[in-house]
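For reference, work-v4.cif (mmCIF, C-alpha atoms and all ligand atoms):
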```cif
data_protein
loop_
_atom_site.label_atom_id
_atom_site.label_comp_id
_atom_site.auth_asym_id
_atom_site.auth_seq_id
_atom_site.Cartn_x
_atom_site.Cartn_y
_atom_site.Cartn_z
CA MET A 37 -11.40 -11.19 -12.21
CA SER A 38 -15.14 -10.50 -11.74
CA ASN A 39 -15.30 -12.71 -8.65
CA VAL A 40 -12.24 -10.94 -7.21
CA TYR A 41 -13.96 -7.56 -7.59
CA ASP A 42 -17.20 -8.98 -6.09
CA LYS A 43 -15.26 -10.21 -3.07
CA ALA A 44 -13.50 -6.86 -2.72
CA GLN A 45 -16.92 -5.15 -2.63
CA GLU A 46 -18.08 -7.60 0.06
CA LEU A 47 -14.93 -6.89 2.09
CA LYS A 48 -15.46 -3.14 1.71
CA GLN A 49 -19.04 -3.59 2.94
CA ALA A 50 -17.90 -5.67 5.95
CA LEU A 51 -15.36 -2.98 6.84
CA ALA A 52 -17.95 -0.18 6.52
CA GLU A 53 -20.34 -2.13 8.77
CA SER A 54 -17.76 -3.01 11.44
CA GLU A 55 -18.12 -1.56 14.95
CA GLU A 56 -14.57 -0.18 14.67
CA PHE A 57 -15.30 1.76 11.50
CA LYS A 58 -18.61 3.07 12.87
CA ALA A 59 -16.86 4.17 16.07
CA LEU A 60 -14.22 6.06 14.07
CA LYS A 61 -16.85 7.74 11.93
CA SER A 62 -18.90 8.76 14.97
CA LEU A 63 -15.84 10.21 16.74
CA HIS A 64 -14.96 12.14 13.61
CA THR A 65 -18.48 13.61 13.44
CA GLN A 66 -18.44 14.52 17.15
CA ILE A 67 -15.10 16.30 16.77
CA ASP A 68 -16.33 18.09 13.66
CA GLN A 69 -19.22 19.53 15.71
CA ASP A 70 -16.95 20.64 18.58
CA ASP A 71 -15.16 23.88 17.65
CA ILE A 72 -12.36 23.52 20.22
CA ALA A 73 -11.67 19.85 19.47
CA LYS A 74 -11.82 20.51 15.74
CA ARG A 75 -9.29 23.35 15.94
CA LEU A 76 -6.97 21.38 18.23
CA LEU A 77 -6.97 18.43 15.85
CA GLU A 78 -6.52 20.57 12.74
CA ASN A 79 -3.54 22.37 14.27
CA PHE A 80 -1.97 19.08 15.28
CA ARG A 81 -2.47 17.50 11.83
CA GLN A 82 -1.02 20.58 10.14
CA LEU A 83 2.04 20.48 12.39
CA GLN A 84 2.53 16.76 11.63
CA LEU A 85 2.16 17.43 7.90
CA ASP A 86 4.69 20.28 7.99
CA LEU A 87 7.25 18.10 9.78
CA GLN A 88 6.64 15.18 7.39
CA GLN A 89 7.17 17.44 4.38
CA LYS A 90 10.41 18.73 5.88
CA GLN A 91 11.64 15.17 6.44
CA MET A 92 10.69 14.18 2.88
CA GLN A 93 12.67 17.16 1.59
CA GLY A 94 15.64 16.01 3.66
CA VAL A 95 15.44 19.06 5.96
CA GLN A 96 16.70 18.41 9.50
CA ILE A 97 14.00 18.82 12.22
CA THR A 98 15.26 21.19 14.93
CA GLU A 99 15.18 20.24 18.62
CA GLU A 100 12.68 23.05 19.18
CA GLU A 101 10.34 21.69 16.48
CA ALA A 102 10.58 18.15 17.89
CA GLN A 103 9.74 19.48 21.37
CA LYS A 104 6.78 21.48 20.02
CA ALA A 105 5.44 18.39 18.22
CA GLN A 106 5.76 16.32 21.39
CA GLN A 107 3.98 19.01 23.45
CA GLN A 108 1.17 19.27 20.90
CA PHE A 109 0.81 15.49 20.93
CA GLU A 110 0.52 15.45 24.72
CA LEU A 111 -1.99 18.30 24.54
CA VAL A 112 -4.32 16.62 22.02
CA GLN A 113 -4.01 13.31 23.89
CA GLN A 114 -5.62 15.01 26.90
CA HIS A 115 -8.74 15.70 24.84
CA GLU A 116 -10.90 12.61 25.28
CA LEU A 117 -12.55 12.64 21.83
CA ILE A 118 -9.25 13.21 20.02
CA SER A 119 -7.43 10.62 22.08
CA LYS A 120 -10.18 8.08 21.30
CA LEU A 121 -10.10 9.03 17.61
CA MET A 122 -6.36 8.45 17.40
CA GLU A 123 -6.73 5.12 19.16
CA GLU A 124 -9.40 4.00 16.67
CA GLU A 125 -7.32 5.27 13.74
CA GLN A 126 -4.36 3.25 14.98
CA ARG A 127 -6.57 0.17 15.35
CA LEU A 128 -8.01 0.53 11.84
CA SER A 129 -4.58 1.14 10.35
CA VAL A 130 -3.43 -2.21 11.79
CA VAL A 131 -6.50 -3.90 10.26
CA ILE A 132 -5.87 -2.35 6.82
CA GLY A 133 -2.26 -3.55 7.02
CA ASP A 134 -3.50 -7.05 7.88
CA LEU A 135 -5.92 -7.01 4.93
CA ASN A 136 -3.17 -6.02 2.50
CA ARG A 137 -0.96 -8.82 3.81
CA ILE A 138 -3.76 -11.42 3.55
CA ILE A 139 -4.79 -10.40 0.02
CA THR A 140 -1.25 -10.46 -1.36
CA GLU A 141 -0.42 -13.84 0.24
CA PRO A 142 -0.94 -15.69 -3.09
CA LEU A 143 1.92 -13.63 -4.55
CA GLU A 144 4.24 -15.14 -1.91
CA GLU A 145 3.76 -18.50 -3.64
CA ILE A 146 5.44 -16.94 -6.66
CA TYR A 147 7.88 -14.39 -5.26
CA GLY A 148 8.50 -15.70 -1.74
CA ASN A 149 7.84 -13.83 1.50
CA PRO A 150 10.02 -10.70 1.76
CA ASN A 151 9.56 -10.79 5.57
CA GLU A 152 10.98 -14.27 6.01
CA MET B 232 -13.70 -7.45 12.74
CA SER B 233 -14.10 -11.24 12.35
CA ASN B 234 -16.35 -10.80 9.30
CA VAL B 235 -13.80 -8.43 7.76
CA TYR B 236 -11.06 -11.05 8.12
CA ASP B 237 -13.38 -13.76 6.74
CA LYS B 238 -14.09 -11.61 3.69
CA ALA B 239 -10.37 -10.90 3.22
CA GLN B 240 -9.72 -14.66 3.18
CA GLU B 241 -12.48 -15.12 0.58
CA LEU B 242 -10.94 -12.35 -1.54
CA LYS B 243 -7.49 -13.93 -1.23
CA GLN B 244 -8.98 -17.26 -2.37
CA ALA B 245 -10.72 -15.63 -5.35
CA LEU B 246 -7.45 -13.99 -6.36
CA ALA B 247 -5.50 -17.26 -6.04
CA GLU B 248 -8.11 -19.03 -8.17
CA SER B 249 -8.29 -16.37 -10.89
CA GLU B 250 -7.11 -17.19 -14.42
CA GLU B 251 -4.77 -14.18 -14.26
CA PHE B 252 -3.02 -15.38 -11.13
CA LYS B 253 -2.74 -18.95 -12.44
CA ALA B 254 -1.29 -17.64 -15.73
CA LEU B 255 1.34 -15.62 -13.83
CA LYS B 256 2.25 -18.59 -11.66
CA SER B 257 2.55 -20.90 -14.68
CA LEU B 258 4.78 -18.41 -16.55
CA HIS B 259 6.98 -18.07 -13.48
CA THR B 260 7.36 -21.87 -13.26
CA GLN B 261 8.15 -22.14 -16.99
CA ILE B 262 10.83 -19.46 -16.73
CA ASP B 263 12.27 -21.11 -13.63
CA GLN B 264 12.76 -24.31 -15.64
CA ASP B 265 14.39 -22.52 -18.60
CA ASP B 266 18.04 -21.71 -17.79
CA ILE B 267 18.42 -18.97 -20.40
CA ALA B 268 15.13 -17.25 -19.60
CA LYS B 269 15.84 -17.52 -15.88
CA ARG B 270 19.29 -15.92 -16.20
CA LEU B 271 17.99 -13.16 -18.50
CA LEU B 272 15.23 -12.27 -16.05
CA GLU B 273 17.50 -12.41 -12.99
CA ASN B 274 20.04 -10.10 -14.64
CA PHE B 275 17.31 -7.66 -15.61
CA ARG B 276 15.74 -7.65 -12.12
CA GLN B 277 19.17 -7.11 -10.54
CA LEU B 278 19.88 -4.18 -12.86
CA GLN B 279 16.49 -2.63 -12.03
CA LEU B 280 17.11 -3.13 -8.30
CA ASP B 281 20.57 -1.54 -8.50
CA LEU B 282 19.17 1.51 -10.30
CA GLN B 283 16.26 1.81 -7.83
CA GLN B 284 18.66 1.71 -4.89
CA LYS B 285 20.79 4.43 -6.48
CA GLN B 286 17.72 6.61 -6.99
CA MET B 287 16.59 6.05 -3.39
CA GLN B 288 20.05 7.09 -2.21
CA GLY B 289 19.74 10.24 -4.33
CA VAL B 290 22.56 9.13 -6.68
CA GLN B 291 22.19 10.46 -10.23
CA ILE B 292 21.75 7.72 -12.89
CA THR B 293 24.30 8.21 -15.69
CA GLU B 294 23.25 8.35 -19.34
CA GLU B 295 25.23 5.14 -19.91
CA GLU B 296 23.31 3.34 -17.14
CA ALA B 297 19.96 4.56 -18.47
CA GLN B 298 20.88 3.32 -21.95
CA LYS B 299 22.00 -0.06 -20.60
CA ALA B 300 18.70 -0.44 -18.69
CA GLN B 301 16.71 0.42 -21.82
CA GLN B 302 18.73 -2.08 -23.91
CA GLN B 303 18.24 -4.80 -21.29
CA PHE B 304 14.52 -4.05 -21.22
CA GLU B 305 14.28 -4.38 -25.02
CA LEU B 306 16.31 -7.60 -24.84
CA VAL B 307 14.09 -9.31 -22.23
CA GLN B 308 10.96 -8.09 -24.03
CA GLN B 309 12.05 -10.17 -27.04
CA HIS B 310 11.87 -13.33 -24.94
CA GLU B 311 8.27 -14.51 -25.25
CA LEU B 312 7.93 -16.04 -21.76
CA ILE B 313 9.45 -13.01 -20.04
CA SER B 314 7.44 -10.56 -22.10
CA LYS B 315 4.25 -12.46 -21.20
CA LEU B 316 5.28 -12.60 -17.53
CA MET B 317 5.81 -8.84 -17.40
CA GLU B 318 2.47 -8.26 -19.07
CA GLU B 319 0.69 -10.46 -16.49
CA GLU B 320 2.59 -8.78 -13.64
CA GLN B 321 1.47 -5.40 -14.92
CA ARG B 322 -2.14 -6.63 -15.15
CA LEU B 323 -2.10 -8.05 -11.62
CA SER B 324 -0.49 -4.93 -10.23
CA VAL B 325 -3.40 -2.88 -11.63
CA VAL B 326 -5.86 -5.30 -9.98
CA ILE B 327 -4.09 -5.09 -6.59
CA GLY B 328 -4.21 -1.29 -6.86
CA ASP B 329 -7.95 -1.47 -7.62
CA LEU B 330 -8.53 -3.75 -4.61
CA ASN B 331 -6.73 -1.36 -2.27
CA ARG B 332 -8.81 1.54 -3.59
CA ILE B 333 -12.10 -0.40 -3.21
CA ILE B 334 -11.33 -1.60 0.32
CA THR B 335 -10.32 1.83 1.61
CA GLU B 336 -13.36 3.56 0.05
CA PRO B 337 -15.21 3.66 3.41
CA LEU B 338 -12.38 5.84 4.76
CA GLU B 339 -13.21 8.44 2.09
CA GLU B 340 -16.53 8.98 3.88
CA ILE B 341 -14.46 10.21 6.82
CA TYR B 342 -11.38 11.79 5.33
CA GLY B 343 -12.56 12.67 1.81
CA ASN B 344 -11.03 11.41 -1.42
CA PRO B 345 -7.42 12.60 -1.79
CA ASN B 346 -7.71 12.15 -5.59
CA GLU B 347 -10.64 14.50 -5.99
CA CA A 401 -19.52 -13.25 -8.44
CA CA A 402 -18.10 -14.71 9.08
#
```
Could you rewrite the structure in this file as structure tokens?
Amino acid sequence: MSNVYDKAQELKQALAESEEFKALKSLHTQIDQDDIAKRLLENFRQLQLDLQQKQMQGVQITEEEAQKAQQQFELVQQHELISKLMEEEQRLSVVIGDLNRIITEPLEEIYGNPNE
Amino acid sequence: MSNVYDKAQELKQALAESEEFKALKSLHTQIDQDDIAKRLLENFRQLQLDLQQKQMQGVQITEEEAQKAQQQFELVQQHELISKLMEEEQRLSVVIGDLNRIITEPLEEIYGNPNE
């Protein structure tokens, strides 16, 4: 497996050097240095986390909570840095999904493709 | 991202060419050609799947079911091909986990390491 681990290191390096990753990192740093943006984002993440935990515990989200989450989302979207950050995060999350699919393709030879 | 996708393809190739992957594939083919082994494994996988689905639906597993699963596991473990297959599957699953951790390391620079 040594070659597999070498190739994984090369892939990690390529990802770290990609424009997309650098853009995400830079946006994150900019937000971290902007008190208002930082607080806005932290509040939004905390709200998301709280709702996720409720859902995982099987607790019904109230209409009021859903509305508040939607309002917070619209609010943070109006902040240019945060809106760009979320766009880059979405982009990178698609790439990571692609990478996982590519890497596990050999297993489809054995187990078949669950998406087919 | 083109270099990232190139590197992912190289990693996929390295994985497909690894001794561990070839061993797993060969064991799977051997079992597929052995009626008894094939049936044993299929029954065991189906039992596992049924129990997993129950757990996901929040249905309590009975003591009888847990015992049956344990007995089936001990039974299939006594079949050399199946026992080897499960060992190789376990090994490969550790490797895939490692690869995911390596590839997403750059994200730790941004979000921190959730395991620390
Ligand atoms: Ca090497
Ligand atoms: Ca290239």
With the cut-off set at 12 Å and counting all atoms listed in the file, tabulate each residue of chain A with an atom at most that distance from an atom of ligand CA 402 (chain A), showing the nearest atom pair and its distance in Å to one decimal, ordered by chain and increasing number, as a tab-separated table.
```
residue	atom	partner	partner_atom	distance
A:Glu46	CA	A:CA402	CA	11.5
A:Leu47	CA	A:CA402	CA	11.0
A:Ala50	CA	A:CA402	CA	9.6
A:Ser54	CA	A:CA402	CA	11.9
```
| request: Could you give me the residues within 7 Å of ligand CA 401 (chain A), counting only C-alpha atoms and all ligand atoms, as number ranges by chain? | output: A: 38-39, 42
Output C-alpha atoms for every residue in the selection just made, as a short mmCIF file (atom, residue, chain, number, x, y, z; two decimals), in the coordinates of the input.
```
data_model
loop_
_atom_site.label_atom_id
_atom_site.label_comp_id
_atom_site.auth_asym_id
_atom_site.auth_seq_id
_atom_site.Cartn_x
_atom_site.Cartn_y
_atom_site.Cartn_z
CA SER A 38 -15.14 -10.50 -11.74
CA ASN A 39 -15.30 -12.71 -8.65
CA ASP A 42 -17.20 -8.98 -6.09
#
```
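Atom CA of Tyr41 of chain A lies 13.9 Å from atom CA of Phe252 of chain B.
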Residues of chain A that have any atom at most 8 Å from an atom of chain B: could you tabulate them with the shortest-distance atom pair and the distance in Å to one decimal, using only C-alpha atoms, ordered by chain and increasing number, as CSV?
```
residue,atom,partner,partner_atom,distance
A:Met37,CA,B:Ser249,CA,6.2
A:Asn39,CA,B:Ala245,CA,6.4
A:Val40,CA,B:Ala245,CA,5.3
A:Tyr41,CA,B:Leu330,CA,7.3
A:Lys43,CA,B:Leu242,CA,5.1
A:Ala44,CA,B:Leu330,CA,6.2
A:Gln45,CA,B:Ile333,CA,6.8
A:Glu46,CA,B:Lys238,CA,6.7
A:Leu47,CA,B:Lys238,CA,5.1
A:Lys48,CA,B:Ile334,CA,4.6
A:Ala50,CA,B:Val235,CA,5.3
A:Leu51,CA,B:Val235,CA,5.7
A:Ala52,CA,B:Pro337,CA,5.7
A:Ser54,CA,B:Met232,CA,6.2
A:Glu55,CA,B:Met232,CA,7.7
A:Glu56,CA,B:Met232,CA,7.6
A:Lys61,CA,B:Ile341,CA,6.2
A:His64,CA,B:Ile341,CA,7.1
A:Leu135,CA,B:Ala239,CA,6.2
A:Asn136,CA,B:Asn331,CA,7.6
A:Ile138,CA,B:Lys243,CA,6.6
A:Ile139,CA,B:Lys243,CA,4.6
A:Thr140,CA,B:Lys243,CA,7.1
A:Glu141,CA,B:Lys243,CA,7.2
A:Pro142,CA,B:Ala247,CA,5.7
A:Ile146,CA,B:Lys256,CA,6.2
```
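Atom CA of Gln89 of chain A to atom CA of Leu121 of chain A spans 23.3 Å [interatomic distance, one decimal].
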Size and centre in Å, one decimal, axis-aligned box, all listed segment 92-110 of chain A atoms plus 4 Å per side, as lines of an AutoDock Vina configuration file:
```
center_x = 8.6
center_y = 18.6
center_z = 13.2
size_x = 24.2
size_y = 16.9
size_z = 31.1
```
| What's the 9 Å shell around segment 105-114 of chain A, counting only C-alpha atoms, without same-chain residues fewer than 4 positions away, as a PyMOL selection string? | chain A and resi 73+76-77+79-80+83-84+87+100-101+118-120+122
| note | Taken to one decimal, the atom CA of Ala102 of chain A-atom CA of Leu85 of chain A distance is 13.1 Å
